[in-house]
Each structure stands twice: as structure tokens, then as C-alpha cells.
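For reference, the structure discussed in these notes is given below.
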Amino acid sequence: MPETIVDRLRETDRPTFSVEFFPPSDDAGVQQLIATIEALQPLEPDWVSVTYGATGASRYKTFAAVGAIRGQTAVSLIGHLTIAGQSAAEVVRAIQAYQRLGVTHILALRGDPPAGGSFRAHREGLRTATDLIRLVKSLGDFTVGVAAFPDGHPESDLELDARILLAKEQAGAEFAISQLFFDAGSYAALVERFRALGGTMPIIAGIMPITVPGQIERFAGLSGSRMPAAFEAQLREVADDKAAFRARGIDLVTQLCRDVLAAGAPGLQFFTLNRSTATAEILGRLRAEAAVAAS
Ligand SMILES: Cc1cc2nc3c(=O)[nH]c(=O)nc-3n(C[C@H](O)[C@H](O)[C@H](O)COP(=O)(O)OP(=O)(O)OC[C@H]3O[C@@H](n4cnc5c(N)ncnc54)[C@H](O)[C@@H]3O)c2cc1C
């Protein structure tokens, strides 16, 4: 039986390191993505994951990218899958497409409407990610992961989120990957709420490297909830100096990683927007520190 991602998460000698990519729009982009994955090889990523789009065209790109990664690299892979905008029959075909590509790990998600607004289940579709877990598990020997939300899902509250995460585990999910967050305390509190309900699956911390000032607006901006004030203030201090901003962002996110690992996170999944340099820098620092601590 090949090793699954869950087996790797159980090995406690080092946290897992993984990277999320979105599917490029053309062949040149796919080859660039393969080059990015190869450039990350010295850091030995435990797996990469590929997101799944909200429209038919972007879903096709997911399978093209996954096919190329499976064909041209040896890295383990999680394929994301959503139910938004699709009938149950279309979702079954997507699961079969993953099966044909030899994908054994699926991140089962609901997805959001492509143009924003509230989610409405397809007339002949599934209603929640929990339904999707059951469908995926009924169709093959898949290891299924799910999303978790340290700052709460926008349509929910923290307690309901924890109960839904437990329902996902009971439906067959074996690991979770968190949404990005900037306060290690939010991640630790999510894990605590989940464990208090009896949940046992590992929750990997989702990490977004910050390198450009526009990201402050995107994450802290109008909704104002995601980025703690002190974190944001430290970034704003250097917002006019590109190099200083990048250095500060990397320092702050490296510290966030140290804090979540100290809080017991079994792994870090980086949301790279398909760029790997900042991720490699952060991970390089963490690994160097771990090596010094172990010597
Ligand atoms: C790591 C990660 C990767 C992601 N990758 C993608 C991707 O590739 N493509 C993409 O389109 N999106 C992706 N997303 C975004 C995700 O699809 C959205 O956040 C979506 O709004 C929620 O998905 P979910 O799987 O948590 O859905 P659900 O678990 O179905 O939850 C959605 C909402 O419904 C509520 N709910 C669910 N079940 C019940 C119930 N039984 N009773 C009452 N309320 C309920 C929940 O509280 C929540 O508010 C990703 C998110 C994360 C964290």
C-alpha cells in the first residue's frame, strides 16, 4: 500500500511542507509550473495541491495541470474538487477523471459562485462539502481532505464551523487544510474547538507569504477581520519601500510559522500564487533553525 499523506502527517519527526498551485491558463504556464515544482525539489515538498475552478474552462485547466504534474514529476499530489455550479453527474465525472490520472488524494470543497454572491446548490447537485466527501469515498479508494477556517467561514460562526468539521471527519475526511490566517492564536483556537468536540484529524496550517503591499488591502482591507492590527501596523510602517516591505513580510510570516508549529501544527501548506521564492526563503529559515536546535 503506498504511503498516504495521512501517514506522512503521523510521522512526528518533522512537520510536512506542501504548496498549493492554481492551474495555469496555457501550455507555457503549465511548463512554468513544472519548472517551479522542480525548483522546489531541494526542499522536498511532501506534496503539491492544485486548485479547482468555478467555471468549466478552469476545471479543464486543473486536469491539464494535474496530468502534466503526474506525467513529468514524481511529487505527491492532492487534487481539489468542488461542487459549486455542477450537477452530481458532472462531479462524478470529475472524480473519474482524477481516478484516470492516478490521483488518490482529493480535497473535497464546496466552492463559491464564480462572480461572488451567495452559494446556491445546483438543481441536480450536492449541497455541501460533507455530501462530496461521501460521494468521493463511495467511488474509490481515495484519501479525502477538507477545508478548515481559523477566522471562521464567512457564512458561519466558529462553533458551527467546528461541528461541521467534525461532521466532515465522520463522513470520511482524514485531514484538513486551513484557510490562510495571520494570528497563530486563531489556528490554535480552531484546533482546540475541534478537539473539544472529539475531532482527531490533523489540521495543516495554510500560510500565505506576504511580499507586496497590495496584499494588506486584500486581506485586511474592507472586511477588516483577518489581519491583527499589530501585524498590519508592522507592514504599513514599510509600505513605501518595496524591498523593506518584502523583508518585513517574510519576517512576520516566518514568525507566524514558528508560532503555529510551536502550537502543534503537523504541517504547513503554502499558498504561493504559483511563485515559490518567498516560500523557499521562509522554509529555508525554519529548516536551518530546526537543524541548529537538533544539533
Ligand atoms: C485550503 C483551501 C483550499 C480551497 N481550494 C478551493 C478550490 O480549489 N476551489 C474553490 O473554488 N474554492 C476553494 N476553497 C474555498 C472554499 O470552496 C470556500 O471557502 C467555500 O465557501 C467553503 O467550502 P467548504 O468546503 O468549507 O464548504 P462547506 O463545508 O460545505 O461549508 C460551506 C458553508 O456552509 C455551511 N454548512 C456546511 N454544512 C452545513 C450544515 N450541515 N448545516 C449548516 N451549515 C452548513 C458552513 O458553515 C459554511 O458556512 C478553498 C478553501 C480552503 C480553506
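Labels for the C-alpha cells follow display order: chains A, B, ..., residues from 1 in each chain, ligands from 1.
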
Neighbour list for region 200-209 of chain A as a VMD selection string, cut-off 8 Å, only C-alpha atoms, skip fewer than 4 positions in-chain: chain A and resid 9 148 169 173 to 181 187 191 194 to 195 249 to 250 253 257 260 265 to 272 278 to 279

With only C-alpha atoms and all ligand atoms counted, collect every polymer residue having an atom within 8 Å of ligand 1; state the result as a VMD selection string. chain A and resid 22 50 to 54 80 to 82 84 107 to 114 119 127 to 130 146 to 149 153 to 157 160 to 161 164 to 165 167 to 168 176 to 180 206

Identify, with DSSP run on backbone atoms, the residues in region 32-224 of chain A assigned to strand (DSSP E or B), and express the list as a ChimeraX atom specification. /A:47-50,77-81,105-108,143-148,175-180,203-207

Can you list, as a ChimeraX atom specification, every residue of region 30-231 of chain A that DSSP puts in alpha helix (DSSP H)? /A:30-40,56-72,88-100,129-139,158-171,184-196,214-220,229-231

Neighbours of Thr36 (chain A) within 10 Å (only C-alpha atoms; same-chain residues fewer than 4 positions away dropped), as a list in words? Val30, Gln31, Gln32, Leu40, Gln41, Asn274, Arg275, Ser276 and Thr277 of chain A

Save the residues we just selected, N, CA and C atoms, as a JSON list (two decimals), in the first residue's frame?
```
[["chain", "number", "residue", "atom", "x", "y", "z"],
["A", 30, "VAL", "N", 1.81, 25.91, -17.86],
["A", 30, "VAL", "CA", 1.95, 24.59, -17.24],
["A", 30, "VAL", "C", 3.44, 24.22, -17.16],
["A", 31, "GLN", "N", 4.18, 24.50, -18.24],
["A", 31, "GLN", "CA", 5.61, 24.16, -18.21],
["A", 31, "GLN", "C", 6.35, 25.01, -17.17],
["A", 32, "GLN", "N", 5.91, 26.27, -17.03],
["A", 32, "GLN", "CA", 6.49, 27.14, -15.99],
["A", 32, "GLN", "C", 6.21, 26.56, -14.60],
["A", 40, "LEU", "N", 11.56, 23.61, -6.49],
["A", 40, "LEU", "CA", 11.27, 23.36, -5.07],
["A", 40, "LEU", "C", 11.80, 22.01, -4.58],
["A", 41, "GLN", "N", 12.21, 21.15, -5.53],
["A", 41, "GLN", "CA", 12.61, 19.79, -5.16],
["A", 41, "GLN", "C", 13.67, 19.72, -4.05],
["A", 274, "ASN", "N", 1.57, 30.56, -7.25],
["A", 274, "ASN", "CA", 2.48, 29.96, -8.24],
["A", 274, "ASN", "C", 3.88, 30.56, -8.26],
["A", 275, "ARG", "N", 4.23, 31.33, -7.21],
["A", 275, "ARG", "CA", 5.61, 31.83, -7.12],
["A", 275, "ARG", "C", 6.24, 31.18, -5.89],
["A", 276, "SER", "N", 7.47, 30.74, -6.03],
["A", 276, "SER", "CA", 7.99, 29.92, -4.94],
["A", 276, "SER", "C", 9.12, 30.56, -4.13],
["A", 277, "THR", "N", 9.63, 31.72, -4.57],
["A", 277, "THR", "CA", 10.85, 32.24, -3.93],
["A", 277, "THR", "C", 10.64, 32.56, -2.45]]
```

So how many Å separate CA of Met227 (chain A) and CA of Ser118 (chain A), to one decimal? 23.7 Å

Quick one: of A:Ser295, A:Ser138, A:Gln86, A:Ser18, who's nearest to Trp47 (chain A), counting only C-alpha atoms? A:Ser18

Just want the 12 Å neighbourhood of Ala239 (chain A), counted on only C-alpha atoms, with same-chain residues fewer than 2 positions away dropped. Output as a count of residues only. 23

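Put simply, CA of Ala189 (chain A) is 15.1 Å away from CA of Pro228 (chain A).
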
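Between Arg287 (chain A) and the candidates A:Thr254, A:Thr12, A:Thr104, A:Ser58, the tightest atom-to-atom separation, counting only C-alpha atoms, involves A:Thr254.
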
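Computed from the coordinates, the CA of Ser87 (chain A) to CA of Pro24 (chain A) distance equals 24.7 Å.
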